$ cat data-v8.tsv   # TSV, C-alpha atoms and all ligand atoms
chain	number	residue	atom	x	y	z
A	17	MET	CA	10.83	-66.84	247.79
A	18	ASN	CA	8.26	-66.03	250.44
A	19	PRO	CA	7.47	-62.36	250.64
A	20	ILE	CA	5.98	-62.69	254.11
A	21	ASN	CA	9.25	-63.92	255.56
A	22	HIS	CA	11.01	-61.02	254.03
A	23	LEU	CA	8.61	-58.61	255.65
A	24	SER	CA	8.83	-60.15	259.11
A	25	ASN	CA	12.58	-60.17	258.91
A	26	SER	CA	12.77	-56.44	258.63
A	27	THR	CA	10.54	-55.79	261.66
A	28	ALA	CA	11.84	-58.55	263.79
A	29	ALA	CA	14.46	-56.29	265.31
A	30	ALA	CA	11.90	-54.19	267.21
A	31	PRO	CA	11.34	-55.61	270.66
A	32	THR	CA	7.78	-56.45	271.16
A	33	THR	CA	7.53	-55.22	274.73
A	34	ALA	CA	4.06	-53.93	274.36
A	35	ALA	CA	1.82	-55.57	276.82
A	36	THR	CA	-0.12	-58.13	275.03
A	37	PRO	CA	-3.62	-57.72	276.26
A	38	THR	CA	-5.19	-60.95	277.17
A	39	ALA	CA	-8.39	-61.73	275.57
A	40	ALA	CA	-10.11	-61.52	278.96
A	41	ASP	CA	-9.08	-57.93	279.51
A	42	THR	CA	-10.42	-56.73	276.30
A	43	PRO	CA	-13.76	-55.21	277.06
A	44	THR	CA	-16.23	-56.34	274.63
A	45	PRO	CA	-17.44	-53.20	273.14
A	46	THR	CA	-21.14	-53.11	273.19
A	47	PRO	CA	-22.19	-52.46	269.76
A	48	PRO	CA	-24.10	-49.28	269.70
A	49	THR	CA	-27.70	-50.03	269.62
A	50	PRO	CA	-28.85	-48.48	266.47
A	51	THR	CA	-31.53	-46.12	267.42
A	52	PRO	CA	-34.22	-46.90	265.02
A	53	THR	CA	-34.69	-43.77	263.18
A	54	THR	CA	-38.21	-43.61	262.16
A	55	PRO	CA	-38.04	-42.68	258.53
A	56	PRO	CA	-40.10	-39.63	257.97
A	57	LYS	CA	-43.36	-40.78	256.68
A	58	PRO	CA	-44.11	-39.11	253.45
A	59	THR	CA	-47.04	-36.93	254.15
A	60	PRO	CA	-49.67	-38.08	251.82
A	61	THR	CA	-50.50	-35.16	249.73
A	62	THR	CA	-54.15	-35.15	249.36
A	63	PRO	CA	-54.61	-34.16	245.77
A	64	ALA	CA	-56.53	-30.99	245.68
A	65	PRO	CA	-59.82	-31.64	244.06
A	66	PRO	CA	-60.00	-30.05	240.67
A	67	PRO	CA	-61.63	-26.70	240.87
A	68	THR	CA	-65.18	-27.43	240.20
A	69	THR	CA	-65.91	-24.38	238.26
A	70	ALA	CA	-69.30	-25.49	237.37
A	71	ALA	CA	-69.88	-24.57	233.83
A	72	PRO	CA	-72.17	-21.64	233.87
A	73	PRO	CA	-75.54	-23.17	233.40
A	74	LYS	CA	-76.81	-22.38	230.03
A	75	ALA	CA	-79.59	-20.56	231.72
A	76	ALA	CA	-82.03	-21.57	229.10
A	77	ALA	CA	-80.18	-19.04	227.02
A	78	PRO	CA	-82.23	-16.02	227.92
A	79	SER	CA	-81.56	-14.34	224.63
A	80	ALA	CA	-81.86	-17.45	222.52
A	81	THR	CA	-85.11	-17.57	220.74
A	82	VAL	CA	-86.91	-19.43	218.07
A	83	VAL	CA	-87.23	-17.45	214.91
A	84	GLN	CA	-89.65	-18.44	212.22
A	85	VAL	CA	-88.99	-17.89	208.55
A	86	LYS	CA	-91.75	-18.63	206.12
A	87	ILE	CA	-91.25	-19.60	202.53
A	88	VAL	CA	-94.11	-17.97	200.75
A	89	GLU	CA	-95.42	-17.35	197.29
A	90	ILE	CA	-96.36	-13.79	196.45
A	91	ASN	CA	-97.39	-12.89	192.90
A	92	ASN	CA	-95.90	-16.10	191.55
A	93	LYS	CA	-92.64	-15.32	193.23
A	94	TYR	CA	-91.28	-17.33	196.09
A	95	SER	CA	-89.37	-15.76	198.90
A	96	PHE	CA	-88.14	-16.17	202.43
A	97	GLN	CA	-90.10	-14.01	204.83
A	98	PRO	CA	-88.56	-12.14	206.43
A	99	ALA	CA	-85.66	-12.04	204.02
A	100	THR	CA	-83.28	-10.82	206.69
A	101	ILE	CA	-83.39	-11.97	210.26
A	102	THR	CA	-81.17	-10.97	213.13
A	103	VAL	CA	-80.82	-13.50	215.89
A	104	THR	CA	-78.58	-14.08	218.85
A	105	LYS	CA	-76.16	-16.96	219.08
A	106	GLY	CA	-77.90	-20.11	220.17
A	107	SER	CA	-81.14	-19.19	218.53
A	108	LYS	CA	-83.12	-21.69	216.60
A	109	ILE	CA	-84.38	-20.85	213.17
A	110	VAL	CA	-87.31	-22.72	211.73
A	111	TRP	CA	-88.15	-22.43	208.05
A	112	THR	CA	-91.59	-23.49	206.99
A	113	ASN	CA	-92.53	-23.97	203.38
A	114	THR	CA	-96.00	-22.54	203.11
A	115	SER	CA	-95.99	-22.62	199.34
A	116	ASP	CA	-96.89	-25.54	197.13
A	117	ALA	CA	-93.48	-25.63	195.47
A	118	PRO	CA	-90.37	-27.35	196.76
A	119	HIS	CA	-87.57	-25.23	198.17
A	120	THR	CA	-84.25	-25.52	199.90
A	121	VAL	CA	-82.39	-23.50	202.47
A	122	THR	CA	-78.85	-23.48	201.15
A	123	SER	CA	-75.93	-21.41	202.35
A	124	ASP	CA	-74.28	-19.27	199.70
A	125	THR	CA	-70.90	-20.12	201.19
A	126	ASN	CA	-71.43	-23.62	202.58
A	127	ALA	CA	-71.41	-22.09	206.03
A	128	PHE	CA	-74.01	-24.58	207.17
A	129	ALA	CA	-75.46	-27.83	206.00
A	130	ALA	CA	-78.22	-27.25	203.53
A	131	SER	CA	-81.72	-28.45	204.08
A	132	SER	CA	-83.14	-31.23	202.06
A	133	THR	CA	-85.80	-30.28	199.59
A	134	LEU	CA	-88.72	-28.99	201.56
A	135	MET	CA	-92.14	-29.89	200.29
A	136	GLN	CA	-95.24	-28.01	201.23
A	137	ASN	CA	-95.64	-27.61	204.98
A	138	GLN	CA	-92.28	-29.16	205.69
A	139	THR	CA	-89.88	-27.41	207.98
A	140	PHE	CA	-86.15	-27.07	208.33
A	141	THR	CA	-84.61	-26.23	211.68
A	142	MET	CA	-81.16	-24.92	212.43
A	143	VAL	CA	-79.54	-23.69	215.62
A	144	VAL	CA	-76.99	-20.98	215.01
A	145	THR	CA	-73.93	-21.17	217.21
A	146	THR	CA	-71.46	-18.84	215.58
A	147	SER	CA	-71.96	-15.17	215.11
A	148	GLY	CA	-71.69	-13.78	211.66
A	149	THR	CA	-73.71	-13.07	208.58
A	150	TYR	CA	-74.97	-15.96	206.54
A	151	THR	CA	-76.54	-15.45	203.16
A	152	TYR	CA	-78.53	-18.27	201.74
A	153	HIS	CA	-80.76	-19.10	198.85
A	154	CYS	CA	-83.00	-21.73	197.36
A	155	THR	CA	-81.28	-23.97	194.85
A	156	ILE	CA	-84.52	-24.51	192.99
A	157	HIS	CA	-85.25	-20.80	192.70
A	158	PRO	CA	-81.88	-19.07	192.81
A	159	TYR	CA	-83.53	-15.69	192.90
A	160	MET	CA	-84.72	-16.52	196.40
A	161	GLN	CA	-82.08	-14.77	198.45
A	162	ALA	CA	-82.08	-14.16	202.16
A	163	LYS	CA	-79.79	-13.50	205.05
A	164	ILE	CA	-79.25	-14.49	208.67
A	165	VAL	CA	-77.35	-12.17	210.95
A	166	VAL	CA	-76.18	-13.87	214.12
A	167	THR	CA	-75.07	-11.60	216.91
A	168	SER	CA	-73.17	-12.81	219.95
A	201	CU	CU	-87.40	-22.22	196.16

$ encode --input "data-v8.tsv" --output "structure tokens"
Amino acid sequence: MNPINHLSNSTAAAPTTAATPTAADTPTPTPPTPTPTTPPKPTPTTPAPPPTTAAPPKAAAPSATVVQVKIVEINNKYSFQPATITVTKGSKIVWTNTSDAPHTVTSDTNAFAASSTLMQNQTFTMVVTTSGTYTYHCTIHPYMQAKIVVTS
């Protein structure tokens, strides 16, 4: 059974009087010329340069100073002189052992790395960067107590 025949049978009754256009009459439709649409060029976004907030020059830290602490012997007793110093953040502290005995500069609370054993005329230098109060001592002579106060 051919389904196409079946279909044509049912429509065959209609008279095909419609004028059959000859191929010549048929105007060839001009295909619309596609207007080239220029795709919008993505505007190159120039990346804004990162704000060059120049780090404030550490203007030679106007308040930062070098503070000297001497380790001295007075009446057979050793001590840090001065026993209490007050410095600003960024200051450098220099301990000098002026005695003939060895000493250390050791934080009571491990707040900073201790010095090695300082022999006579040796120095220990530390730059303080965090404000606070730091007590320290000498491990060889525990009675040698002193204090650094760092202000911001
Ligand atoms: Cu000592």

$ residues_near_ligand --input "data-v8.tsv" --ligand "ligand CU 201 (chain A)" --cutoff "8 Å" --atoms "only C-alpha atoms and all ligand atoms" --output "PyMOL selection string"
chain A and resi 87+94-95+117-120+153-158+160

$ atom_distance --input "data-v8.tsv" --atom1 "atom CA of A:Gly148" --atom2 "atom CA of A:Gln84"
18.6 Å

$ residues_near_point --input "data-v8.tsv" --point "(-78.0, -12.2, 217.9)" --cutoff "12 Å" --atoms "only C-alpha atoms" --output "short mmCIF file (atom, residue, chain, number, x, y, z; two decimals) with C-alpha atoms, in the frame of the given file"
data_model
loop_
_atom_site.label_atom_id
_atom_site.label_comp_id
_atom_site.auth_asym_id
_atom_site.auth_seq_id
_atom_site.Cartn_x
_atom_site.Cartn_y
_atom_site.Cartn_z
CA ALA A 77 -80.18 -19.04 227.02
CA PRO A 78 -82.23 -16.02 227.92
CA SER A 79 -81.56 -14.34 224.63
CA ALA A 80 -81.86 -17.45 222.52
CA THR A 81 -85.11 -17.57 220.74
CA VAL A 82 -86.91 -19.43 218.07
CA VAL A 83 -87.23 -17.45 214.91
CA ILE A 101 -83.39 -11.97 210.26
CA THR A 102 -81.17 -10.97 213.13
CA VAL A 103 -80.82 -13.50 215.89
CA THR A 104 -78.58 -14.08 218.85
CA LYS A 105 -76.16 -16.96 219.08
CA GLY A 106 -77.90 -20.11 220.17
CA SER A 107 -81.14 -19.19 218.53
CA LYS A 108 -83.12 -21.69 216.60
CA ILE A 109 -84.38 -20.85 213.17
CA VAL A 143 -79.54 -23.69 215.62
CA VAL A 144 -76.99 -20.98 215.01
CA THR A 145 -73.93 -21.17 217.21
CA THR A 146 -71.46 -18.84 215.58
CA SER A 147 -71.96 -15.17 215.11
CA GLY A 148 -71.69 -13.78 211.66
CA THR A 149 -73.71 -13.07 208.58
CA ILE A 164 -79.25 -14.49 208.67
CA VAL A 165 -77.35 -12.17 210.95
CA VAL A 166 -76.18 -13.87 214.12
CA THR A 167 -75.07 -11.60 216.91
CA SER A 168 -73.17 -12.81 219.95
#

$ residues_around --input "data-v8.tsv" --residues "A:Lys86" --least-positions-apart "5" --cutoff "7 Å" --atoms "only C-alpha atoms" --output "MDAnalysis selection string"
chainID A and resid 96:97 111:114

$ atom_distance --input "data-v8.tsv" --atom1 "atom CA of A:Met135" --atom2 "atom CA of A:Lys163"
21.1 Å

$ atom_distance --input "data-v8.tsv" --atom1 "atom CA of A:Tyr150" --atom2 "atom CA of A:Asn92"
25.7 Å

$ closest_residue --input "data-v8.tsv" --among "A:Ala99, A:Val85, A:Ala162, A:Val121" --to "A:Leu134" --atoms "only C-alpha atoms"
A:Val121

$ closest_residue --input "data-v8.tsv" --among "A:Val110, A:Asn137, A:Ala129, A:Lys93" --to "A:Tyr159" --atoms "all atoms listed in the file"
A:Lys93

$ closest_residue --input "data-v8.tsv" --among "A:Ser115, A:Ser123, A:Asn91, A:Ser131" --to "A:Tyr152" --atoms "only C-alpha atoms"
A:Ser123

$ decode --input "data-v8.tsv" --residues "stretch 82-98 of chain A" --atoms "N, CA and C atoms" --output "PDB file, in the first residue's frame"
ATOM      1  N   VAL A  82      68.464  56.310  68.970  1.00  0.00           N
ATOM      2  CA  VAL A  82      69.326  55.246  69.466  1.00  0.00           C
ATOM      3  C   VAL A  82      69.514  55.499  70.953  1.00  0.00           C
ATOM      4  N   VAL A  83      69.173  54.502  71.714  1.00  0.00           N
ATOM      5  CA  VAL A  83      69.260  54.644  73.163  1.00  0.00           C
ATOM      6  C   VAL A  83      70.340  53.695  73.677  1.00  0.00           C
ATOM      7  N   GLN A  84      71.193  54.221  74.471  1.00  0.00           N
ATOM      8  CA  GLN A  84      72.300  53.416  74.995  1.00  0.00           C
ATOM      9  C   GLN A  84      71.974  52.951  76.410  1.00  0.00           C
ATOM     10  N   VAL A  85      72.228  51.689  76.649  1.00  0.00           N
ATOM     11  CA  VAL A  85      72.110  51.151  78.002  1.00  0.00           C
ATOM     12  C   VAL A  85      73.462  50.537  78.338  1.00  0.00           C
ATOM     13  N   LYS A  86      73.983  50.935  79.452  1.00  0.00           N
ATOM     14  CA  LYS A  86      75.285  50.392  79.854  1.00  0.00           C
ATOM     15  C   LYS A  86      75.105  49.339  80.935  1.00  0.00           C
ATOM     16  N   ILE A  87      75.886  48.299  80.811  1.00  0.00           N
ATOM     17  CA  ILE A  87      75.909  47.292  81.864  1.00  0.00           C
ATOM     18  C   ILE A  87      77.150  47.616  82.687  1.00  0.00           C
ATOM     19  N   VAL A  88      76.884  47.971  83.912  1.00  0.00           N
ATOM     20  CA  VAL A  88      77.982  48.483  84.741  1.00  0.00           C
ATOM     21  C   VAL A  88      78.130  47.671  86.022  1.00  0.00           C
ATOM     22  N   GLU A  89      79.221  47.894  86.664  1.00  0.00           N
ATOM     23  CA  GLU A  89      79.455  47.288  87.974  1.00  0.00           C
ATOM     24  C   GLU A  89      79.615  48.422  88.966  1.00  0.00           C
ATOM     25  N   ILE A  90      78.754  48.409  89.979  1.00  0.00           N
ATOM     26  CA  ILE A  90      78.818  49.427  91.020  1.00  0.00           C
ATOM     27  C   ILE A  90      78.802  48.700  92.360  1.00  0.00           C
ATOM     28  N   ASN A  91      79.835  48.873  93.131  1.00  0.00           N
ATOM     29  CA  ASN A  91      79.929  48.218  94.448  1.00  0.00           C
ATOM     30  C   ASN A  91      79.724  46.709  94.346  1.00  0.00           C
ATOM     31  N   ASN A  92      80.398  46.118  93.400  1.00  0.00           N
ATOM     32  CA  ASN A  92      80.314  44.670  93.184  1.00  0.00           C
ATOM     33  C   ASN A  92      78.927  44.200  92.759  1.00  0.00           C
ATOM     34  N   LYS A  93      78.134  45.125  92.338  1.00  0.00           N
ATOM     35  CA  LYS A  93      76.809  44.750  91.835  1.00  0.00           C
ATOM     36  C   LYS A  93      76.711  45.220  90.384  1.00  0.00           C
ATOM     37  N   TYR A  94      76.197  44.319  89.588  1.00  0.00           N
ATOM     38  CA  TYR A  94      76.030  44.670  88.173  1.00  0.00           C
ATOM     39  C   TYR A  94      74.618  45.194  87.954  1.00  0.00           C
ATOM     40  N   SER A  95      74.499  46.057  87.001  1.00  0.00           N
ATOM     41  CA  SER A  95      73.163  46.577  86.702  1.00  0.00           C
ATOM     42  C   SER A  95      73.120  47.168  85.296  1.00  0.00           C
ATOM     43  N   PHE A  96      71.909  47.306  84.839  1.00  0.00           N
ATOM     44  CA  PHE A  96      71.661  47.989  83.563  1.00  0.00           C
ATOM     45  C   PHE A  96      71.436  49.457  83.887  1.00  0.00           C
ATOM     46  N   GLN A  97      72.110  50.318  83.201  1.00  0.00           N
ATOM     47  CA  GLN A  97      71.978  51.749  83.449  1.00  0.00           C
ATOM     48  C   GLN A  97      71.645  52.490  82.156  1.00  0.00           C
ATOM     49  N   PRO A  98      70.529  53.186  82.109  1.00  0.00           N
ATOM     50  CA  PRO A  98      69.505  53.247  83.150  1.00  0.00           C
ATOM     51  C   PRO A  98      68.662  51.975  83.188  1.00  0.00           C
TER      52      PRO A  98
END
